[in-house]
Amino acid sequence: MIGSLNFDIIFKQQRLAVIGETYSADNMTITAGGKGANQAVQCAKLGAPTYLVGSVGRDVLGDQLLQDLADYGVNTDYVTRVDATTGVGVVNALEDGALMSTISKGANYAMTTERIDEIESLLKRSSIVILQLEIPIEVVEYCIHKAHDLGCFVILNAAPAAAISVDALAKVNCLVVNEPEATFYCGELIDDLESALKCGRELYEKTGELLIITLGKIGSVLFDAASHVHVKATEVEAIETTGAGDSYIGAFACQLLDGKEIAAAAGYATRAAAITVTKIGGQPAMPTLRELEMPVPNETGHMV
C-alpha cells in the first residue's frame, strides 16, 4: 500500500453550513484516516500481510497514526517522519449517510520518486500494489510504471480525481473510481447504473485489465475485456459512510490475493463496505474476518 495517512475529524450533522454561517454539529469523532492508511487497515484486518509506504509529520498526530496502524497489524517500517505537519482530513457526515471531505496535503506530499526507488526490494516481493491520488501524481505514475515492470498487480483508486497520464493508466491492472471520479475521467455525469454502463466501457479502454465503478447504494459495476457485471449492494441502514470505498478496495484486494474470481471478490468487498457504513469512524468500523462471517448489522435486504 503506497499512499496517504491523515488524522480525521468527523462531524456528524444535519446539514452543511451556508456561506457566512456558523453551524453546530451534533457530535464529533476523531479517528485515523487517509485512503492509503484506511485501505491498509482493511487488508490487515482481513489477515493479509500489509506494508504501508507513506509519510507523517514529526508531531503528536503522526505518533497516533503510527500507533493505530501498528495496533491493527499494518507494518509501518516504510512510513517516514518528515518536517511537515501530518495530513488532516475534515469530514462532514450528514444524516442520510452522505459525506463531504476536505484534506490538507501535509506530510503526504513529501513523498518522492526517490522514495519509490528506495522500496524496490519491497515491490519485488509484493503481489499486489495499491495506490491512491492523495500523494503527488508524479510519484503515483512513477510507482505504477515501476510496480508493473516488476510484475506486481497494480490497483489504482483514482481518488481524489486528478489528471493522470495515458501511459500510466495503461499499466494499471485494476482502476477503481466512484461516481464523481468516473464523471471526471469520462467527461459525462455518472450518477446511476445506466450512465455507468454507458460511459464505463470507454473508460475501461484506457486501463489495463479491469475497471470498477462503485455506485454507493446501487452497488458496483465491473468491466473487463469481454463483458460487464453489476454487483448489487448489500442493503443496510447506513449510519456513516466514511471509509466505505476504502473498505471495499482492501477487501477486494485480499480476495484477489486469495485467488478468488473477480465477481466473487467484488461481492465480498461489497459486504465489507456494508458493514463499515453501519458504524462510525472509518478504520474502527472496518470488519474483521470474523465479522464478515456473521450477518451484516442493520441489513435490510440481500446481496445478489
# chains A, B, ... in the order shown; residues from 1 in each chain; ligands from 1
$ residues_around --residues "A:Gln14" --least-positions-apart "5" --cutoff "9 Å" --atoms "only C-alpha atoms" --output "list in words"
Ala25, Asp26, Ala93, Leu94, Glu95 and Asp96 of chain A
$ write_last_selection --atoms "N, CA and C atoms" --output "PDB file, in the first residue's frame"
ATOM      1  N   ALA A  25     -22.477  21.094  14.839  1.00  0.00           N
ATOM      2  CA  ALA A  25     -22.625  19.673  14.535  1.00  0.00           C
ATOM      3  C   ALA A  25     -23.249  18.965  15.729  1.00  0.00           C
ATOM      4  N   ASP A  26     -23.874  17.823  15.469  1.00  0.00           N
ATOM      5  CA  ASP A  26     -24.487  17.043  16.546  1.00  0.00           C
ATOM      6  C   ASP A  26     -23.422  16.380  17.417  1.00  0.00           C
ATOM      7  N   ALA A  93     -20.348  14.527   7.816  1.00  0.00           N
ATOM      8  CA  ALA A  93     -21.203  13.362   7.589  1.00  0.00           C
ATOM      9  C   ALA A  93     -22.652  13.734   7.895  1.00  0.00           C
ATOM     10  N   LEU A  94     -23.509  13.630   6.880  1.00  0.00           N
ATOM     11  CA  LEU A  94     -24.909  14.016   7.028  1.00  0.00           C
ATOM     12  C   LEU A  94     -25.770  12.825   7.446  1.00  0.00           C
ATOM     13  N   GLU A  95     -26.994  13.104   7.850  1.00  0.00           N
ATOM     14  CA  GLU A  95     -27.886  12.083   8.402  1.00  0.00           C
ATOM     15  C   GLU A  95     -28.166  10.949   7.434  1.00  0.00           C
ATOM     16  N   ASP A  96     -28.236  11.248   6.128  1.00  0.00           N
ATOM     17  CA  ASP A  96     -28.585  10.215   5.154  1.00  0.00           C
ATOM     18  C   ASP A  96     -27.398   9.364   4.745  1.00  0.00           C
TER      19      ASP A  96
END
$ residues_around --residues "stretch 56-72 of chain A" --least-positions-apart "3" --cutoff "8 Å" --atoms "only C-alpha atoms" --output "list in words"
Leu5, Asn6, Phe7, Ala32, Ala37, Val41, Ala44, Lys45, Asn75, Thr76, Val79, Thr80, Arg81, Val82, Asp83, Ala84, Thr85, Thr86, Gly87, Gly106, Ala107 and Asn108 of chain A
$ write_last_selection --atoms "N, CA and C atoms" --output "short mmCIF file (atom, residue, chain, number, x, y, z; two decimals), in the first residue's frame"
data_model
loop_
_atom_site.label_atom_id
_atom_site.label_comp_id
_atom_site.auth_asym_id
_atom_site.auth_seq_id
_atom_site.Cartn_x
_atom_site.Cartn_y
_atom_site.Cartn_z
N LEU A 5 -1.67 9.11 4.82
CA LEU A 5 -2.08 8.93 6.21
C LEU A 5 -2.62 10.27 6.70
N ASN A 6 -3.83 10.29 7.18
CA ASN A 6 -4.44 11.52 7.67
C ASN A 6 -5.04 11.32 9.05
N PHE A 7 -5.09 12.39 9.80
CA PHE A 7 -5.79 12.42 11.09
C PHE A 7 -7.16 13.01 10.80
N ALA A 32 -8.15 7.84 12.97
CA ALA A 32 -7.10 7.74 11.96
C ALA A 32 -7.75 7.58 10.59
N ALA A 37 -3.83 4.65 4.38
CA ALA A 37 -3.90 4.00 5.69
C ALA A 37 -5.18 3.20 5.85
N VAL A 41 -5.40 -0.79 6.55
CA VAL A 41 -6.04 -1.33 7.74
C VAL A 41 -7.05 -2.42 7.37
N ALA A 44 -5.19 -5.55 6.52
CA ALA A 44 -4.61 -6.17 7.72
C ALA A 44 -5.69 -6.82 8.57
N LYS A 45 -6.85 -6.18 8.69
CA LYS A 45 -7.94 -6.75 9.49
C LYS A 45 -8.44 -8.07 8.90
N ASN A 75 2.28 -3.13 8.88
CA ASN A 75 3.72 -2.88 9.00
C ASN A 75 4.01 -1.45 8.56
N THR A 76 4.58 -0.65 9.45
CA THR A 76 4.86 0.77 9.15
C THR A 76 6.35 1.05 9.02
N VAL A 79 7.04 3.84 6.59
CA VAL A 79 6.44 5.16 6.79
C VAL A 79 7.51 6.06 7.40
N THR A 80 7.84 7.15 6.72
CA THR A 80 8.90 8.04 7.18
C THR A 80 8.32 9.23 7.94
N ARG A 81 9.12 9.78 8.86
CA ARG A 81 8.78 11.01 9.57
C ARG A 81 9.47 12.17 8.86
N VAL A 82 8.74 13.23 8.57
CA VAL A 82 9.28 14.35 7.79
C VAL A 82 8.98 15.66 8.50
N ASP A 83 9.66 16.72 8.04
CA ASP A 83 9.47 18.06 8.62
C ASP A 83 8.29 18.77 7.96
N ALA A 84 7.12 18.22 8.16
CA ALA A 84 5.87 18.81 7.67
C ALA A 84 4.78 18.35 8.62
N THR A 85 3.66 19.05 8.63
CA THR A 85 2.57 18.63 9.50
C THR A 85 1.92 17.36 8.96
N THR A 86 1.50 16.50 9.83
CA THR A 86 0.77 15.30 9.43
C THR A 86 -0.52 15.71 8.72
N GLY A 87 -0.88 14.95 7.68
CA GLY A 87 -2.10 15.24 6.94
C GLY A 87 -3.33 15.19 7.83
N GLY A 106 -0.21 18.23 3.63
CA GLY A 106 0.75 17.98 4.70
C GLY A 106 1.89 17.07 4.31
N ALA A 107 2.24 16.17 5.22
CA ALA A 107 3.38 15.27 5.03
C ALA A 107 3.17 14.30 3.86
N ASN A 108 1.92 14.07 3.46
CA ASN A 108 1.67 13.15 2.35
C ASN A 108 2.36 13.61 1.06
#
$ residues_around --residues "A:Cys174" --least-positions-apart "3" --cutoff "10 Å" --atoms "only C-alpha atoms" --output "PDB file with N, CA and C atoms, in the first residue's frame"
ATOM      1  N   ILE A 130      -1.259  -1.224  -4.181  1.00  0.00           N
ATOM      2  CA  ILE A 130      -2.448  -0.376  -4.234  1.00  0.00           C
ATOM      3  C   ILE A 130      -2.035   1.074  -4.033  1.00  0.00           C
ATOM      4  N   PHE A 153       0.610  -6.786  -9.483  1.00  0.00           N
ATOM      5  CA  PHE A 153      -0.740  -6.448  -9.908  1.00  0.00           C
ATOM      6  C   PHE A 153      -1.047  -5.078  -9.309  1.00  0.00           C
ATOM      7  N   VAL A 154      -1.298  -4.091 -10.159  1.00  0.00           N
ATOM      8  CA  VAL A 154      -1.435  -2.705  -9.700  1.00  0.00           C
ATOM      9  C   VAL A 154      -2.910  -2.310  -9.637  1.00  0.00           C
ATOM     10  N   ILE A 155      -3.349  -1.908  -8.453  1.00  0.00           N
ATOM     11  CA  ILE A 155      -4.694  -1.369  -8.253  1.00  0.00           C
ATOM     12  C   ILE A 155      -4.558   0.129  -8.005  1.00  0.00           C
ATOM     13  N   LEU A 156      -5.258   0.925  -8.789  1.00  0.00           N
ATOM     14  CA  LEU A 156      -5.270   2.374  -8.592  1.00  0.00           C
ATOM     15  C   LEU A 156      -6.669   2.824  -8.222  1.00  0.00           C
ATOM     16  N   ASN A 157      -6.804   3.365  -7.032  1.00  0.00           N
ATOM     17  CA  ASN A 157      -8.030   4.037  -6.622  1.00  0.00           C
ATOM     18  C   ASN A 157      -7.829   5.514  -6.961  1.00  0.00           C
ATOM     19  N   LEU A 169      -2.027   4.949 -16.885  1.00  0.00           N
ATOM     20  CA  LEU A 169      -3.302   4.238 -16.797  1.00  0.00           C
ATOM     21  C   LEU A 169      -3.254   2.898 -17.514  1.00  0.00           C
ATOM     22  N   ALA A 170      -2.535   2.845 -18.615  1.00  0.00           N
ATOM     23  CA  ALA A 170      -2.444   1.606 -19.388  1.00  0.00           C
ATOM     24  C   ALA A 170      -1.747   0.497 -18.614  1.00  0.00           C
ATOM     25  N   LYS A 171      -0.956   0.860 -17.614  1.00  0.00           N
ATOM     26  CA  LYS A 171      -0.244  -0.149 -16.822  1.00  0.00           C
ATOM     27  C   LYS A 171      -0.947  -0.470 -15.500  1.00  0.00           C
ATOM     28  N   TYR A 204     -12.923   2.075 -19.516  1.00  0.00           N
ATOM     29  CA  TYR A 204     -12.186   0.805 -19.425  1.00  0.00           C
ATOM     30  C   TYR A 204     -11.081   0.718 -20.470  1.00  0.00           C
ATOM     31  N   THR A 207      -7.593   1.623 -19.503  1.00  0.00           N
ATOM     32  CA  THR A 207      -6.925   0.923 -18.414  1.00  0.00           C
ATOM     33  C   THR A 207      -6.360  -0.411 -18.886  1.00  0.00           C
ATOM     34  N   GLY A 208      -5.771  -1.141 -17.943  1.00  0.00           N
ATOM     35  CA  GLY A 208      -5.126  -2.394 -18.291  1.00  0.00           C
ATOM     36  C   GLY A 208      -6.055  -3.583 -18.431  1.00  0.00           C
ATOM     37  N   GLU A 209      -6.686  -4.022 -17.319  1.00  0.00           N
ATOM     38  CA  GLU A 209      -7.457  -5.260 -17.348  1.00  0.00           C
ATOM     39  C   GLU A 209      -8.867  -5.136 -16.793  1.00  0.00           C
ATOM     40  N   LEU A 210      -9.042  -4.274 -15.801  1.00  0.00           N
ATOM     41  CA  LEU A 210     -10.302  -4.254 -15.078  1.00  0.00           C
ATOM     42  C   LEU A 210     -10.634  -2.843 -14.614  1.00  0.00           C
ATOM     43  N   LEU A 211     -11.906  -2.469 -14.756  1.00  0.00           N
ATOM     44  CA  LEU A 211     -12.428  -1.199 -14.245  1.00  0.00           C
ATOM     45  C   LEU A 211     -13.571  -1.499 -13.292  1.00  0.00           C
ATOM     46  N   ILE A 212     -13.548  -0.853 -12.127  1.00  0.00           N
ATOM     47  CA  ILE A 212     -14.663  -0.954 -11.183  1.00  0.00           C
ATOM     48  C   ILE A 212     -15.184   0.449 -10.914  1.00  0.00           C
ATOM     49  N   LEU A 222     -18.437  -3.874 -12.768  1.00  0.00           N
ATOM     50  CA  LEU A 222     -17.108  -4.337 -13.147  1.00  0.00           C
ATOM     51  C   LEU A 222     -17.047  -4.497 -14.654  1.00  0.00           C
ATOM     52  N   PHE A 223     -16.000  -3.935 -15.254  1.00  0.00           N
ATOM     53  CA  PHE A 223     -15.794  -4.068 -16.688  1.00  0.00           C
ATOM     54  C   PHE A 223     -14.483  -4.793 -16.935  1.00  0.00           C
ATOM     55  N   ASP A 224     -14.514  -5.808 -17.814  1.00  0.00           N
ATOM     56  CA  ASP A 224     -13.270  -6.394 -18.307  1.00  0.00           C
ATOM     57  C   ASP A 224     -13.330  -6.402 -19.830  1.00  0.00           C
ATOM     58  N   ALA A 253      -8.942  -6.529  -2.727  1.00  0.00           N
ATOM     59  CA  ALA A 253      -7.548  -6.913  -2.927  1.00  0.00           C
ATOM     60  C   ALA A 253      -7.217  -8.199  -2.180  1.00  0.00           C
TER      61      ALA A 253
END
$ closest_residue --among "A:Ala238, A:Ile2, A:Leu203, A:Ala266" --to "A:Ile116" --atoms "only C-alpha atoms"
A:Ile2
$ atom_distance --atom1 "atom CA of A:His230" --atom2 "atom CA of A:Glu202"
16.7 Å
$ select_by_dssp --residues "stretch 70-238 of chain A" --states "strand (DSSP E)" --output "ChimeraX atom specification"
/A:75-82,87-94,99-103,128-132,153-157,174-177,210-214,220-223,228-231
$ residues_around --residues "stretch 158-164 of chain A" --least-positions-apart "3" --cutoff "9 Å" --atoms "only C-alpha atoms" --output "ChimeraX atom specification"
/A:35,131-134,137-138,140-141,167-169,175-178,180-182,184-185
$ residues_around --residues "A:Lys217" --least-positions-apart "4" --cutoff "9 Å" --atoms "only C-alpha atoms" --output "PyMOL selection string"
chain A and resi 232-236
$ residues_around --residues "A:Tyr248" --least-positions-apart "4" --cutoff "7 Å" --atoms "only C-alpha atoms" --output "list of chain:residue names"
A:Ala244, A:Phe252, A:Ala269, A:Thr270, A:Ala272, A:Ala273
$ write_last_selection --atoms "all heavy atoms" --output "PDB file, in the first residue's frame"
ATOM      1  N   ALA A 244     -15.985   3.666   3.468  1.00  0.00           N
ATOM      2  CA  ALA A 244     -16.663   2.551   2.805  1.00  0.00           C
ATOM      3  C   ALA A 244     -15.929   2.123   1.534  1.00  0.00           C
ATOM      4  O   ALA A 244     -15.720   0.929   1.294  1.00  0.00           O
ATOM      5  CB  ALA A 244     -18.108   2.928   2.485  1.00  0.00           C
ATOM      6  N   PHE A 252     -11.475  -6.316  -1.505  1.00  0.00           N
ATOM      7  CA  PHE A 252     -11.357  -6.817  -2.872  1.00  0.00           C
ATOM      8  C   PHE A 252      -9.934  -7.313  -3.130  1.00  0.00           C
ATOM      9  O   PHE A 252      -9.729  -8.407  -3.675  1.00  0.00           O
ATOM     10  CB  PHE A 252     -11.722  -5.705  -3.862  1.00  0.00           C
ATOM     11  CG  PHE A 252     -11.660  -6.114  -5.307  1.00  0.00           C
ATOM     12  CD1 PHE A 252     -12.686  -6.851  -5.877  1.00  0.00           C
ATOM     13  CD2 PHE A 252     -10.575  -5.759  -6.108  1.00  0.00           C
ATOM     14  CE1 PHE A 252     -12.630  -7.239  -7.213  1.00  0.00           C
ATOM     15  CE2 PHE A 252     -10.515  -6.135  -7.441  1.00  0.00           C
ATOM     16  CZ  PHE A 252     -11.549  -6.880  -7.994  1.00  0.00           C
ATOM     17  N   ALA A 269     -16.274  -7.754  -1.192  1.00  0.00           N
ATOM     18  CA  ALA A 269     -15.910  -6.369  -0.893  1.00  0.00           C
ATOM     19  C   ALA A 269     -17.148  -5.529  -0.612  1.00  0.00           C
ATOM     20  O   ALA A 269     -17.136  -4.650   0.261  1.00  0.00           O
ATOM     21  CB  ALA A 269     -15.132  -5.779  -2.070  1.00  0.00           C
ATOM     22  N   THR A 270     -18.223  -5.795  -1.332  1.00  0.00           N
ATOM     23  CA  THR A 270     -19.485  -5.083  -1.112  1.00  0.00           C
ATOM     24  C   THR A 270     -20.000  -5.338   0.299  1.00  0.00           C
ATOM     25  O   THR A 270     -20.480  -4.426   0.984  1.00  0.00           O
ATOM     26  CB  THR A 270     -20.534  -5.543  -2.146  1.00  0.00           C
ATOM     27  OG1 THR A 270     -20.066  -5.220  -3.457  1.00  0.00           O
ATOM     28  CG2 THR A 270     -21.876  -4.880  -1.904  1.00  0.00           C
ATOM     29  N   ALA A 272     -18.155  -6.169   2.898  1.00  0.00           N
ATOM     30  CA  ALA A 272     -17.263  -5.486   3.836  1.00  0.00           C
ATOM     31  C   ALA A 272     -17.637  -4.007   3.955  1.00  0.00           C
ATOM     32  O   ALA A 272     -17.706  -3.450   5.059  1.00  0.00           O
ATOM     33  CB  ALA A 272     -15.817  -5.638   3.381  1.00  0.00           C
ATOM     34  N   ALA A 273     -17.865  -3.366   2.818  1.00  0.00           N
ATOM     35  CA  ALA A 273     -18.237  -1.951   2.831  1.00  0.00           C
ATOM     36  C   ALA A 273     -19.565  -1.731   3.543  1.00  0.00           C
ATOM     37  O   ALA A 273     -19.756  -0.731   4.250  1.00  0.00           O
ATOM     38  CB  ALA A 273     -18.308  -1.422   1.399  1.00  0.00           C
TER      39      ALA A 273
END
$ residues_around --residues "A:Ala285" --least-positions-apart "6" --cutoff "9 Å" --atoms "only C-alpha atoms" --output "PDB file with C-alpha atoms, in the first residue's frame"
ATOM      1  CA  THR A 242     -16.529   7.289   5.888  1.00  0.00           C
ATOM      2  CA  GLY A 243     -14.092   4.670   4.655  1.00  0.00           C
ATOM      3  CA  ILE A 275     -20.548  -3.469   7.488  1.00  0.00           C
ATOM      4  CA  THR A 276     -18.318  -0.392   7.556  1.00  0.00           C
ATOM      5  CA  VAL A 277     -21.206   2.019   6.971  1.00  0.00           C
ATOM      6  CA  THR A 278     -23.209   0.602   9.891  1.00  0.00           C
ATOM      7  CA  LYS A 279     -20.678   2.073  12.338  1.00  0.00           C
TER       8      LYS A 279
END
$ select_by_dssp --residues "stretch 31-69 of chain A" --states "helix (DSSP H, G or I)" --output "list in words"
Lys35, Gly36, Ala37, Asn38, Gln39, Ala40, Val41, Gln42, Cys43, Ala44, Lys45, Val60, Leu61, Gly62, Asp63, Gln64, Leu65, Leu66, Gln67, Asp68 and Leu69 of chain A
$ atom_distance --atom1 "atom CA of A:Lys146" --atom2 "atom CA of A:Gly36"
18.4 Å
$ closest_residue --among "A:Thr50, A:Ser101, A:Asn173, A:Thr183" --to "A:Gly33" --atoms "only C-alpha atoms"
A:Ser101
